[in-house]
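Have a look at entry-v5.txt below; it lists compact mmCIF, C-alpha atoms.
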# COMPACT_ATOMS: atom_id res chain seq x y z
CA MET A 1 -101.28 39.59 89.31
CA LYS A 2 -101.56 42.65 87.04
CA ILE A 3 -102.73 40.46 84.14
CA TRP A 4 -105.33 38.78 86.36
CA ASN A 5 -106.58 42.15 87.62
CA ARG A 6 -106.80 43.42 84.04
CA GLN A 7 -108.75 40.35 82.95
CA LEU A 8 -111.12 40.71 85.92
CA GLY A 9 -111.62 44.36 85.09
CA ASP A 10 -112.37 43.54 81.47
CA ARG A 11 -114.94 40.93 82.49
CA VAL A 12 -116.66 43.35 84.86
CA SER A 13 -116.68 46.04 82.16
CA ASN A 14 -118.16 43.64 79.62
CA ILE A 15 -120.93 42.69 82.04
CA ILE A 16 -121.72 46.34 82.73
CA TYR A 17 -121.72 47.25 79.05
CA GLN A 18 -123.94 44.26 78.26
CA TYR A 19 -126.71 45.37 80.62
CA LEU A 20 -126.01 49.13 80.63
CA PRO A 21 -124.75 49.79 77.09
CA ALA A 22 -124.85 53.59 77.43
CA PHE A 23 -121.79 53.34 79.69
CA ARG A 24 -119.80 52.14 76.67
CA TRP A 25 -119.61 55.74 75.53
CA ARG A 26 -117.02 58.02 77.12
CA ASN A 27 -119.17 61.13 76.75
CA PHE A 28 -122.05 59.53 78.63
CA ARG A 29 -119.78 58.34 81.45
CA LEU A 30 -118.44 61.86 81.86
CA PHE A 31 -121.93 63.37 81.77
CA PHE A 32 -123.35 60.83 84.25
CA GLY A 33 -120.55 61.18 86.80
CA GLY A 34 -120.28 64.96 86.73
CA GLN A 35 -124.01 65.60 86.81
CA LEU A 36 -124.60 63.09 89.62
CA LEU A 37 -122.50 65.24 91.95
CA SER A 38 -123.83 68.52 90.62
CA MET A 39 -127.51 67.56 90.83
CA SER A 40 -127.13 66.19 94.37
CA GLY A 41 -126.00 69.68 95.40
CA THR A 42 -128.78 71.31 93.38
CA PHE A 43 -131.51 69.16 94.92
CA MET A 44 -130.00 69.71 98.37
CA THR A 45 -130.30 73.46 97.87
CA GLN A 46 -133.70 73.60 96.14
CA GLN A 47 -135.57 70.85 98.01
CA LEU A 48 -134.21 71.34 101.53
CA THR A 49 -131.72 74.10 102.28
CA ILE A 50 -133.45 77.19 100.86
CA PRO A 51 -136.91 76.28 102.29
CA TRP A 52 -135.29 75.53 105.64
CA LEU A 53 -133.42 78.85 105.64
CA VAL A 54 -136.51 80.81 104.54
CA TYR A 55 -138.53 79.45 107.44
CA ASP A 56 -135.60 79.90 109.84
CA LEU A 57 -135.30 83.58 108.85
CA THR A 58 -139.02 84.43 108.73
CA LYS A 59 -140.84 81.85 110.88
CA SER A 60 -143.69 82.38 108.41
CA ALA A 61 -145.45 79.58 106.52
CA TRP A 62 -146.93 82.19 104.16
CA LEU A 63 -143.51 83.60 103.22
CA LEU A 64 -142.30 80.04 102.74
CA GLY A 65 -145.06 79.64 100.16
CA VAL A 66 -144.18 82.98 98.57
CA ALA A 67 -140.54 81.89 98.19
CA GLY A 68 -141.62 78.64 96.55
CA PHE A 69 -143.89 80.51 94.13
CA VAL A 70 -141.33 83.12 93.05
CA GLN A 71 -138.80 80.35 92.45
CA PHE A 72 -141.30 78.46 90.31
CA LEU A 73 -142.54 81.39 88.20
CA PRO A 74 -139.33 82.09 86.22
CA THR A 75 -138.96 78.34 85.63
CA LEU A 76 -142.37 78.26 83.96
CA LEU A 77 -141.60 81.33 81.81
CA VAL A 78 -138.12 80.25 80.67
CA ILE A 79 -138.73 76.56 79.82
CA PRO A 80 -140.33 77.11 76.36
CA PHE A 81 -137.57 79.47 75.24
CA SER A 82 -134.93 77.09 76.55
CA GLY A 83 -136.37 74.44 74.23
CA VAL A 84 -135.98 76.79 71.26
CA LEU A 85 -132.36 77.54 72.22
CA SER A 86 -131.69 73.83 72.64
CA ASP A 87 -132.73 73.21 69.03
CA ARG A 88 -130.64 76.10 67.67
CA TRP A 89 -127.45 76.25 69.77
CA SER A 90 -124.90 73.88 71.26
CA ARG A 91 -126.55 72.03 74.13
CA ARG A 92 -123.25 71.50 75.88
CA ASP A 93 -122.51 75.23 75.75
CA LEU A 94 -125.97 75.99 77.13
CA LEU A 95 -125.48 73.48 79.95
CA MET A 96 -122.05 75.01 80.62
CA VAL A 97 -123.67 78.44 80.96
CA VAL A 98 -126.14 76.97 83.46
CA GLN A 99 -123.30 75.44 85.50
CA ILE A 100 -121.29 78.67 85.57
CA LEU A 101 -124.30 80.78 86.56
CA GLY A 102 -125.31 78.12 89.08
CA ILE A 103 -121.95 78.09 90.81
CA SER A 104 -122.07 81.89 90.96
CA VAL A 105 -125.45 81.85 92.74
CA SER A 106 -124.36 79.05 95.07
CA LEU A 107 -121.08 80.79 95.89
CA SER A 108 -123.03 83.94 96.74
CA LEU A 109 -125.25 81.95 99.12
CA THR A 110 -122.17 80.34 100.67
CA ILE A 111 -120.45 83.68 101.32
CA LEU A 112 -123.62 85.34 102.62
CA THR A 113 -124.37 82.52 105.07
CA PHE A 114 -120.78 82.20 106.31
CA THR A 115 -120.67 85.97 106.96
CA ASN A 116 -124.21 86.05 108.43
CA TRP A 117 -125.26 88.69 105.89
CA ILE A 118 -128.11 86.64 104.44
CA THR A 119 -131.59 88.17 104.66
CA PHE A 120 -134.98 87.09 103.36
CA PRO A 121 -135.10 89.67 100.51
CA ILE A 122 -131.64 88.60 99.32
CA LEU A 123 -132.65 84.95 99.54
CA LEU A 124 -135.79 85.74 97.54
CA VAL A 125 -133.75 87.32 94.74
CA LEU A 126 -131.35 84.38 94.64
CA SER A 127 -134.33 81.99 94.61
CA VAL A 128 -135.65 83.78 91.51
CA LEU A 129 -132.24 83.31 89.85
CA ASN A 130 -132.34 79.62 90.78
CA GLY A 131 -135.78 79.34 89.19
CA PHE A 132 -134.49 80.99 86.02
CA LEU A 133 -131.59 78.54 85.85
CA LYS A 134 -133.90 75.58 86.45
CA GLY A 135 -136.08 76.66 83.53
CA LEU A 136 -133.04 77.00 81.27
CA ASP A 137 -131.60 73.69 82.46
CA MET A 138 -134.50 71.23 82.18
CA PRO A 139 -135.02 70.91 78.38
CA VAL A 140 -131.26 71.05 77.70
CA ARG A 141 -130.49 68.35 80.26
CA HIS A 142 -133.04 65.99 78.71
CA THR A 143 -132.04 66.61 75.09
CA ILE A 144 -128.25 66.42 75.45
CA VAL A 145 -128.44 62.80 76.66
CA THR A 146 -128.94 61.41 73.16
CA GLU A 147 -125.85 63.30 71.98
CA THR A 148 -123.61 61.52 74.47
CA VAL A 149 -124.09 58.08 72.87
CA ASN A 150 -123.19 57.37 69.25
CA ASP A 151 -125.51 54.40 68.73
CA ARG A 152 -129.24 55.13 68.47
CA ALA A 153 -129.95 51.64 69.89
CA ASP A 154 -128.47 52.81 73.21
CA TRP A 155 -130.62 55.93 73.49
CA SER A 156 -133.34 54.35 75.62
CA ASN A 157 -130.73 53.02 78.05
CA ALA A 158 -129.05 56.43 78.26
CA ILE A 159 -132.40 58.14 78.95
CA ALA A 160 -133.22 55.59 81.67
CA LEU A 161 -129.77 55.97 83.26
CA ASN A 162 -130.19 59.74 83.19
CA SER A 163 -133.34 59.21 85.26
CA VAL A 164 -131.34 56.94 87.59
CA MET A 165 -128.87 59.78 88.03
CA LEU A 166 -131.60 62.33 88.77
CA SER A 167 -133.45 60.02 91.18
CA SER A 168 -130.21 59.11 92.98
CA SER A 169 -129.37 62.79 93.32
CA LEU A 170 -132.86 63.50 94.66
CA VAL A 171 -132.30 60.89 97.39
CA LEU A 172 -128.63 61.66 98.06
CA GLY A 173 -128.80 65.46 98.09
CA PRO A 174 -131.54 66.07 100.70
CA ALA A 175 -130.24 63.17 102.84
CA MET A 176 -126.75 64.69 102.95
CA GLY A 177 -128.29 68.12 103.50
CA GLY A 178 -130.18 66.91 106.56
CA ILE A 179 -126.97 65.55 108.03
CA LEU A 180 -125.03 68.75 107.27
CA ILE A 181 -127.73 71.01 108.76
CA ALA A 182 -127.90 68.90 111.92
CA THR A 183 -124.11 68.71 112.41
CA LEU A 184 -122.40 71.72 110.79
CA GLY A 185 -125.14 74.15 109.82
CA VAL A 186 -126.95 75.31 106.70
CA LYS A 187 -123.94 77.24 105.34
CA TYR A 188 -122.07 73.98 104.68
CA CYS A 189 -124.93 72.81 102.46
CA PHE A 190 -124.34 75.80 100.22
CA LEU A 191 -120.59 75.13 100.33
CA TYR A 192 -121.17 71.55 99.18
CA ASP A 193 -123.44 72.76 96.38
CA THR A 194 -120.77 75.23 95.24
CA LEU A 195 -118.04 72.58 95.17
CA SER A 196 -120.33 70.07 93.40
CA TYR A 197 -120.43 72.29 90.29
CA ILE A 198 -116.66 71.96 89.73
CA PRO A 199 -116.57 68.33 88.52
CA ALA A 200 -119.66 68.99 86.37
CA ILE A 201 -117.91 71.86 84.61
CA PHE A 202 -114.71 69.88 84.02
CA THR A 203 -116.56 66.81 82.73
CA LEU A 204 -118.54 68.96 80.28
CA LEU A 205 -115.27 70.47 79.05
CA ALA A 206 -113.83 66.96 78.61
CA MET A 207 -116.75 65.71 76.47
CA ARG A 208 -116.15 65.42 72.72
CA LEU A 209 -119.54 65.73 71.04
CA LYS A 210 -120.31 65.75 67.36
CA VAL A 211 -120.69 69.25 65.99
CA ARG A 212 -124.32 70.13 65.31
CA PRO A 213 -125.24 72.81 62.76
CA MET A 214 -126.03 75.95 64.73
CA GLN A 215 -128.69 78.45 63.70
CA SER A 216 -128.84 81.95 65.07
CA LEU A 217 -132.05 83.57 66.31
CA THR A 218 -132.31 86.84 64.44
CA SER A 219 -135.16 88.45 66.38
CA LEU A 220 -137.84 87.97 68.98
CA SER A 221 -140.37 87.24 66.23
CA ASP A 222 -138.07 84.49 64.93
CA THR A 223 -137.93 82.97 68.41
CA LEU A 224 -141.70 83.12 68.80
CA GLN A 225 -142.13 81.56 65.35
CA LYS A 226 -139.93 78.61 66.35
CA LEU A 227 -141.88 78.27 69.59
CA ARG A 228 -145.15 78.28 67.61
CA GLU A 229 -143.80 75.58 65.29
CA GLY A 230 -143.01 73.39 68.28
CA PHE A 231 -146.48 73.90 69.72
CA GLU A 232 -148.15 73.04 66.42
CA TYR A 233 -146.01 69.92 66.14
CA VAL A 234 -147.00 68.52 69.56
CA SER A 235 -150.65 69.61 69.26
CA LYS A 236 -151.22 68.04 65.82
CA PHE A 237 -149.18 64.86 66.33
CA GLN A 238 -151.61 62.63 68.25
CA PRO A 239 -149.12 60.20 69.90
CA ILE A 240 -147.01 63.02 71.41
CA ARG A 241 -150.14 64.99 72.33
CA ALA A 242 -151.58 61.97 74.16
CA ILE A 243 -148.37 61.35 76.10
CA LEU A 244 -148.03 65.00 77.10
CA LEU A 245 -151.66 65.13 78.24
CA ILE A 246 -151.24 62.07 80.47
CA LEU A 247 -148.11 63.69 81.94
CA ALA A 248 -150.08 66.90 82.56
CA LEU A 249 -152.73 64.86 84.36
CA GLN A 250 -149.99 63.28 86.47
CA GLY A 251 -148.77 66.76 87.40
CA LEU A 252 -152.31 67.88 88.23
CA VAL A 253 -153.60 64.98 90.36
CA GLY A 254 -150.84 62.35 90.52
CA MET A 255 -148.74 64.37 92.98
CA SER A 256 -151.57 65.51 95.28
CA HIS A 257 -150.22 63.41 98.15
CA VAL A 258 -147.01 65.49 98.14
CA ALA A 259 -148.92 68.74 98.65
CA LEU A 260 -150.94 67.23 101.52
CA MET A 261 -148.04 65.35 103.11
CA PRO A 262 -147.72 67.68 106.16
CA ILE A 263 -151.41 67.11 106.97
CA PHE A 264 -151.06 63.33 106.81
CA ALA A 265 -147.79 63.33 108.77
CA ALA A 266 -149.03 65.55 111.62
CA LYS A 267 -152.80 65.10 111.88
CA ILE A 268 -153.78 61.79 110.28
CA LEU A 269 -150.73 59.71 111.23
CA ASN A 270 -150.16 61.67 114.47
CA GLY A 271 -146.47 62.09 113.71
CA ASP A 272 -143.84 64.82 113.85
CA ALA A 273 -141.03 66.23 111.70
CA THR A 274 -139.29 62.86 111.68
CA THR A 275 -142.44 61.24 110.31
CA MET A 276 -142.56 63.90 107.60
CA ALA A 277 -138.93 63.20 106.68
CA HIS A 278 -139.56 59.46 106.43
CA LEU A 279 -142.61 59.97 104.23
CA SER A 280 -140.83 62.49 102.00
CA THR A 281 -137.86 60.21 101.27
CA SER A 282 -139.96 57.11 100.54
CA ALA A 283 -141.07 58.05 97.02
CA PRO A 284 -137.53 58.86 95.75
CA ILE A 285 -136.39 55.42 96.90
CA GLY A 286 -139.18 53.83 94.85
CA SER A 287 -138.21 56.08 91.94
CA LEU A 288 -134.69 54.71 92.03
CA PHE A 289 -135.97 51.12 91.79
CA ALA A 290 -138.07 52.05 88.75
CA CYS A 291 -135.13 53.72 87.04
CA LEU A 292 -132.91 50.69 87.63
CA TYR A 293 -135.54 48.48 86.01
CA LEU A 294 -135.86 50.75 82.98
CA SER A 295 -132.07 51.02 82.64
CA VAL A 296 -131.70 47.27 81.99
CA ARG A 297 -134.76 47.12 79.74
CA ARG A 298 -133.98 47.12 76.01
CA GLY A 299 -135.87 49.25 73.52
CA ILE A 300 -139.16 51.11 73.85
CA ALA A 301 -141.57 48.45 72.57
CA GLY A 302 -144.30 47.88 75.16
CA LEU A 303 -143.61 51.07 77.11
CA GLU A 304 -146.96 52.51 75.97
CA ARG A 305 -148.73 49.68 77.86
CA LEU A 306 -146.48 50.28 80.86
CA ILE A 307 -147.71 53.90 80.94
CA VAL A 308 -151.32 52.70 81.28
CA VAL A 309 -150.45 50.18 84.00
CA ALA A 310 -148.36 52.74 85.90
CA GLN A 311 -151.14 55.34 85.73
CA VAL A 312 -153.68 52.90 87.17
CA LEU A 313 -151.29 51.84 89.94
CA ILE A 314 -150.54 55.47 90.80
CA GLY A 315 -154.26 56.03 91.33
CA ILE A 316 -154.59 52.91 93.48
CA SER A 317 -151.49 53.88 95.50
CA VAL A 318 -152.74 57.42 96.15
CA ILE A 319 -156.11 56.08 97.34
CA SER A 320 -154.37 53.46 99.52
CA PHE A 321 -152.16 56.13 101.08
CA SER A 322 -155.20 58.25 101.88
CA LEU A 323 -156.79 55.33 103.76
CA SER A 324 -153.67 54.22 105.65
CA ARG A 325 -153.45 55.06 109.35
CA GLN A 326 -150.11 53.35 110.04
CA VAL A 327 -146.82 55.16 109.41
CA GLU A 328 -144.99 52.02 108.31
CA LEU A 329 -147.73 51.09 105.84
CA SER A 330 -147.84 54.64 104.47
CA ILE A 331 -144.08 54.58 103.87
CA ILE A 332 -144.35 51.30 101.95
CA ILE A 333 -147.22 52.65 99.84
CA LEU A 334 -145.23 55.79 99.01
CA VAL A 335 -142.27 53.69 97.85
CA PHE A 336 -144.58 52.07 95.31
CA THR A 337 -146.13 55.43 94.41
CA GLY A 338 -142.70 56.83 93.61
CA CYS A 339 -141.86 53.73 91.60
CA PHE A 340 -145.02 53.90 89.47
CA SER A 341 -144.66 57.67 88.95
CA ILE A 342 -141.16 57.34 87.53
CA LEU A 343 -142.22 54.39 85.37
CA LEU A 344 -144.82 56.71 83.82
CA ILE A 345 -142.57 59.77 83.49
CA THR A 346 -139.43 58.04 82.25
CA SER A 347 -141.28 55.69 79.86
CA SER A 348 -142.89 58.77 78.31
CA ASN A 349 -139.48 60.42 78.04
CA MET A 350 -137.95 57.34 76.39
CA ILE A 351 -140.71 57.06 73.78
CA ILE A 352 -140.67 60.75 72.87
CA GLN A 353 -136.89 61.13 72.73
CA THR A 354 -136.41 58.00 70.66
CA LEU A 355 -138.95 58.94 68.01
CA VAL A 356 -139.20 62.74 67.89
CA ALA A 357 -137.75 64.66 64.93
CA GLU A 358 -134.22 65.83 65.80
CA ASP A 359 -134.78 69.44 64.73
CA LYS A 360 -137.71 69.71 67.16
CA ARG A 361 -136.29 67.70 70.07
CA GLY A 362 -135.53 70.68 72.32
CA ARG A 363 -138.92 72.30 71.84
CA VAL A 364 -140.80 69.04 72.37
CA MET A 365 -138.84 68.35 75.56
CA SER A 366 -139.64 71.85 76.78
CA PHE A 367 -143.35 71.01 76.48
CA TYR A 368 -142.57 67.69 78.20
CA ALA A 369 -141.06 69.65 81.11
CA LEU A 370 -143.97 72.08 81.13
CA ALA A 371 -146.50 69.24 81.24
CA MET A 372 -145.03 68.12 84.55
CA VAL A 373 -143.74 71.32 86.16
CA GLY A 374 -146.45 73.62 84.84
CA MET A 375 -149.37 71.64 86.22
CA MET A 376 -147.97 70.95 89.69
CA PRO A 377 -148.84 74.37 91.23
CA PHE A 378 -152.41 74.00 89.96
CA GLY A 379 -152.42 70.45 91.32
CA ASN A 380 -151.30 71.75 94.73
CA LEU A 381 -154.04 74.38 94.65
CA LEU A 382 -156.63 71.76 93.68
CA ALA A 383 -155.49 69.36 96.39
CA GLY A 384 -155.56 72.10 99.01
CA THR A 385 -159.01 73.26 97.96
CA LEU A 386 -160.43 69.73 98.03
CA ALA A 387 -158.79 69.04 101.40
CA GLN A 388 -160.16 72.27 102.85
CA ASN A 389 -163.72 71.51 101.77
CA PHE A 390 -163.91 67.70 101.93
CA GLY A 391 -160.96 66.59 104.05
CA ALA A 392 -157.49 65.36 103.08
CA THR A 393 -158.53 61.72 102.81
CA ASN A 394 -161.39 62.45 100.41
CA ALA A 395 -159.16 64.82 98.40
CA LEU A 396 -156.71 62.00 97.67
CA ILE A 397 -159.50 59.54 96.90
CA VAL A 398 -160.77 61.99 94.24
CA SER A 399 -157.24 62.51 92.88
CA GLY A 400 -156.54 58.78 92.70
CA SER A 401 -159.84 58.15 90.95
CA VAL A 402 -159.09 60.81 88.33
CA ASN A 403 -155.73 59.12 87.74
CA ILE A 404 -157.49 55.84 86.99
CA LEU A 405 -159.94 57.57 84.65
CA GLY A 406 -156.95 59.12 82.88
CA ALA A 407 -155.47 55.66 82.35
CA ILE A 408 -158.73 54.51 80.77
CA TRP A 409 -158.63 57.51 78.41
CA PHE A 410 -154.98 56.88 77.47
CA SER A 411 -155.68 53.22 76.76
CA ALA A 412 -157.92 54.43 73.92
CA GLN A 413 -154.91 56.30 72.48
CA LEU A 414 -152.67 53.22 72.49
CA PRO A 415 -153.23 52.21 68.83
CA ALA A 416 -151.89 55.55 67.59
CA VAL A 417 -148.93 55.49 69.99
CA ARG A 418 -148.14 51.86 69.15
CA HIS A 419 -148.31 52.60 65.41
CA TRP A 420 -145.83 55.45 65.93
CA ILE A 421 -143.45 53.17 67.83
CA ASP A 422 -143.67 50.36 65.26
CA SER A 423 -143.32 52.58 62.20
The structure in this file should be written as structure tokens.
Amino acid sequence: MKIWNRQLGDRVSNIIYQYLPAFRWRNFRLFFGGQLLSMSGTFMTQQLTIPWLVYDLTKSAWLLGVAGFVQFLPTLLVIPFSGVLSDRWSRRDLLMVVQILGISVSLSLTILTFTNWITFPILLVLSVLNGFLKGLDMPVRHTIVTETVNDRADWSNAIALNSVMLSSSLVLGPAMGGILIATLGVKYCFLYDTLSYIPAIFTLLAMRLKVRPMQSLTSLSDTLQKLREGFEYVSKFQPIRAILLILALQGLVGMSHVALMPIFAAKILNGDATTMAHLSTSAPIGSLFACLYLSVRRGIAGLERLIVVAQVLIGISVISFSLSRQVELSIIILVFTGCFSILLITSSNMIIQTLVAEDKRGRVMSFYALAMVGMMPFGNLLAGTLAQNFGATNALIVSGSVNILGAIWFSAQLPAVRHWIDS
């Protein structure tokens, strides 16, 4: 029986490694498992628990917006410098610092909520710290993935599976948070987040990565010089510049439906909080499907065409959502919207990470993160302004149309991107 079980296990492992080759590497398995738990707690806190607690404490929509802004601002400021550090220092050590600081913030929130000492000003300060950690985390998390696999041919699979992990966490975390808030209270969400850091820390300690040559940053001017080098690299290298610009456009107009979701849930679809919850969780489900597809896809050839197709379909989906007046139809459309969005974002990530110069990887990925995160607040402002003046439906029609125009522009950049991939 033991021999049969061992043979069955070997066959299952061989099948998994055939379609998901990144799992062949011990370091990647450790990273994937530990971060899946950790990120589910992080998304639970950032996407659901803190906004819920802010509104519960203040009953103010304006202060809810203020909390979101102050959490975003340090993220925007820290991301470029995190990319420089990622190119110069140990990425695992940087990620370990993020985990240790993260568990400290989460433990503070847990203690304060269990003792009923939490106040809005304290929550605002801790939100700023969370934003700082998010800015430090994003470039490092993207760049360390290629270090966890020893075969360059498996990089694209590892990047896709990393997106699977993030999308799964984005679905799992808020879903579990909703259950915990409804049954045990918000304080248990923070407790879960605190505990979720522990396996992430131990798995990082267990990883055995190749030693990279470290370079110290001697001064602020040295840091700024490295940051300037990264900017010049992405601005002068047409294929990377084109990909980052299409990502920036996605952040500006491709996510407009998210900003206007409360209006569609309450006024256009005549729903309630449950309707809002159903709409909000639809896109992450579609994202997971897209990541699963990319995880079994080999290589990066053809991904540049997939970016164009995904951009067009995002525009069509956003316009379709704006015209829908049925909740069920809107949910289905949003599943596809989430799917196409992740196809665009992750395909761009796979192309850049596979081909970028190693000594500039961290800085390039910091601009990758900025292209998405940095444009979203402006996109929210644009969507709100258009909705205020022309109505929510027309605002999304404009946003979807701009997405399609962006796809037409990027299609003209395909020869340069394809030449880069083939060379």
Neighbour residues at most 12 Å from (-146.9, 67.6, 103.0) (only C-alpha atoms) as an mmCIF file with C-alpha atoms, in the frame of the given file:
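selection_22.cif, written as the output of this step:
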data_model
loop_
_atom_site.group_PDB
_atom_site.id
_atom_site.type_symbol
_atom_site.label_atom_id
_atom_site.label_comp_id
_atom_site.auth_asym_id
_atom_site.auth_seq_id
_atom_site.Cartn_x
_atom_site.Cartn_y
_atom_site.Cartn_z
ATOM 1 C CA MET A 255 -148.740 64.370 92.980
ATOM 2 C CA SER A 256 -151.570 65.510 95.280
ATOM 3 C CA HIS A 257 -150.220 63.410 98.150
ATOM 4 C CA VAL A 258 -147.010 65.490 98.140
ATOM 5 C CA ALA A 259 -148.920 68.740 98.650
ATOM 6 C CA LEU A 260 -150.940 67.230 101.520
ATOM 7 C CA MET A 261 -148.040 65.350 103.110
ATOM 8 C CA PRO A 262 -147.720 67.680 106.160
ATOM 9 C CA ILE A 263 -151.410 67.110 106.970
ATOM 10 C CA PHE A 264 -151.060 63.330 106.810
ATOM 11 C CA ALA A 265 -147.790 63.330 108.770
ATOM 12 C CA ALA A 266 -149.030 65.550 111.620
ATOM 13 C CA LYS A 267 -152.800 65.100 111.880
ATOM 14 C CA ILE A 268 -153.780 61.790 110.280
ATOM 15 C CA ASP A 272 -143.840 64.820 113.850
ATOM 16 C CA ALA A 273 -141.030 66.230 111.700
ATOM 17 C CA THR A 275 -142.440 61.240 110.310
ATOM 18 C CA MET A 276 -142.560 63.900 107.600
ATOM 19 C CA ALA A 277 -138.930 63.200 106.680
ATOM 20 C CA HIS A 278 -139.560 59.460 106.430
ATOM 21 C CA LEU A 279 -142.610 59.970 104.230
ATOM 22 C CA SER A 280 -140.830 62.490 102.000
ATOM 23 C CA THR A 281 -137.860 60.210 101.270
ATOM 24 C CA ASN A 380 -151.300 71.750 94.730
ATOM 25 C CA ALA A 383 -155.490 69.360 96.390
ATOM 26 C CA GLY A 384 -155.560 72.100 99.010
ATOM 27 C CA ALA A 392 -157.490 65.360 103.080
#
Residues of stretch 34-139 of chain A that have any atom at most 8 Å from an atom of stretch 226-245 of chain A: could you tabulate them with the shortest-distance atom pair and the distance in Å to one decimal, using only C-alpha atoms, ordered by chain and increasing number, as CSV?
residue,atom,partner,partner_atom,distance
A:Pro80,CA,A:Leu227,CA,7.0
A:Phe81,CA,A:Leu227,CA,7.2
A:Val84,CA,A:Leu227,CA,6.3
Once you count all atoms listed in the file, which residues end up no further than 9 Å from (-131.5, 69.5, 79.2) in the file's frame, shown as a PyMOL selection string?
chain A and resi 82-83+86+91+94-95+136-145+362+365-366
Counting all atoms listed in the file, closest pick from A:Leu329, A:Val54, A:Leu48, A:Val128 relative to A:Gly178 is A:Leu48
Interatomic distance (Å, one decimal) between atom CA of A:Tyr192 and atom CA of A:Ala158:
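Distance reported for this atom pair: 27.0 Å.
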Closest atom pairs, residues of stretch 125-156 of chain A within 8 Å of stretch 345-361 of chain A, all atoms listed in the file, as JSON lines:
{"residue": "A:Thr143", "atom": "CA", "partner": "A:Arg361", "partner_atom": "CA", "distance": 6.7}
{"residue": "A:Thr146", "atom": "CA", "partner": "A:Gln353", "partner_atom": "CA", "distance": 8.0}
{"residue": "A:Trp155", "atom": "CA", "partner": "A:Thr354", "partner_atom": "CA", "distance": 6.8}
{"residue": "A:Ser156", "atom": "CA", "partner": "A:Met350", "partner_atom": "CA", "distance": 5.5}
Spatial neighbours of A:Leu180, 12 Å, only C-alpha atoms, chain gap at least 5 places, as a list in words
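Selected residues are Gly41, Met44, Thr45, Leu48, Thr49, Gly173, Pro174, Ala175, Gly185, Val186, Lys187, Tyr188, Cys189, Phe190, Leu191, Tyr192 and Asp193 of chain A.
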Pick from A:Val398, A:Arg363, A:Ser106, A:Gly406 nearest to A:Asp87, counting all atoms listed in the file
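Checking each of A:Val398, A:Arg363, A:Ser106, A:Gly406 against A:Asp87, counting all atoms listed in the file, the winner is A:Arg363.
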Considering only C-alpha atoms, state which residue in the set A:Asn157, A:Leu107, A:Ser168, A:Leu386 is at the smallest distance from A:Gln35.
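Looking at the shortest contact to A:Gln35, the residue is A:Ser168.
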Smallest atom-to-atom distance to A:Val125: which of A:Ile319, A:Ala67, A:Leu172, A:Met376, using all atoms listed in the file?
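Closest to A:Val125 of all the choices is A:Ala67.
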Pairwise distance for atom CA of A:Val318 and atom CA of A:Gly400, rounded to one decimal in Å:
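A separation of 5.3 Å between them.
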Atomic separation - atom CA of A:Leu292 relative to atom CA of A:Val164, Å:
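Computing the Euclidean distance for atom CA of A:Val164 and atom CA of A:Leu292 yields 6.4 Å.
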Nearest residue to A:Ser282 out of A:Pro21, A:Gly315, A:Gly338, A:Gly251, using only C-alpha atoms?
A:Gly338
Between A:Ala395, A:Val312, A:Ala369, A:Ile331, which one has atoms that come closest to A:Ile408, using only C-alpha atoms?
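Result for the nearest residue to A:Ile408: A:Val312.
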Contact residues around A:Leu209 with all atoms listed in the file at 8 Å, ignoring same-chain residues under 6 positions, as a CSV table (one decimal) with C-alpha atoms, keeping the file's coordinate frame:
chain,number,residue,atom,x,y,z
A,27,ASN,CA,-119.2,61.1,76.8
A,147,GLU,CA,-125.8,63.3,72.0
A,148,THR,CA,-123.6,61.5,74.5
What's around A:Gln71 at 9 Å? Count only C-alpha atoms, leave out sequence neighbours fewer than 5 positions away in its own chain, and write the answer as a list of chain:residue names.
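That gives A:Val66, A:Leu124, A:Val125, A:Leu126, A:Ser127, A:Val128, A:Leu129, A:Asn130, A:Gly131, A:Phe132.
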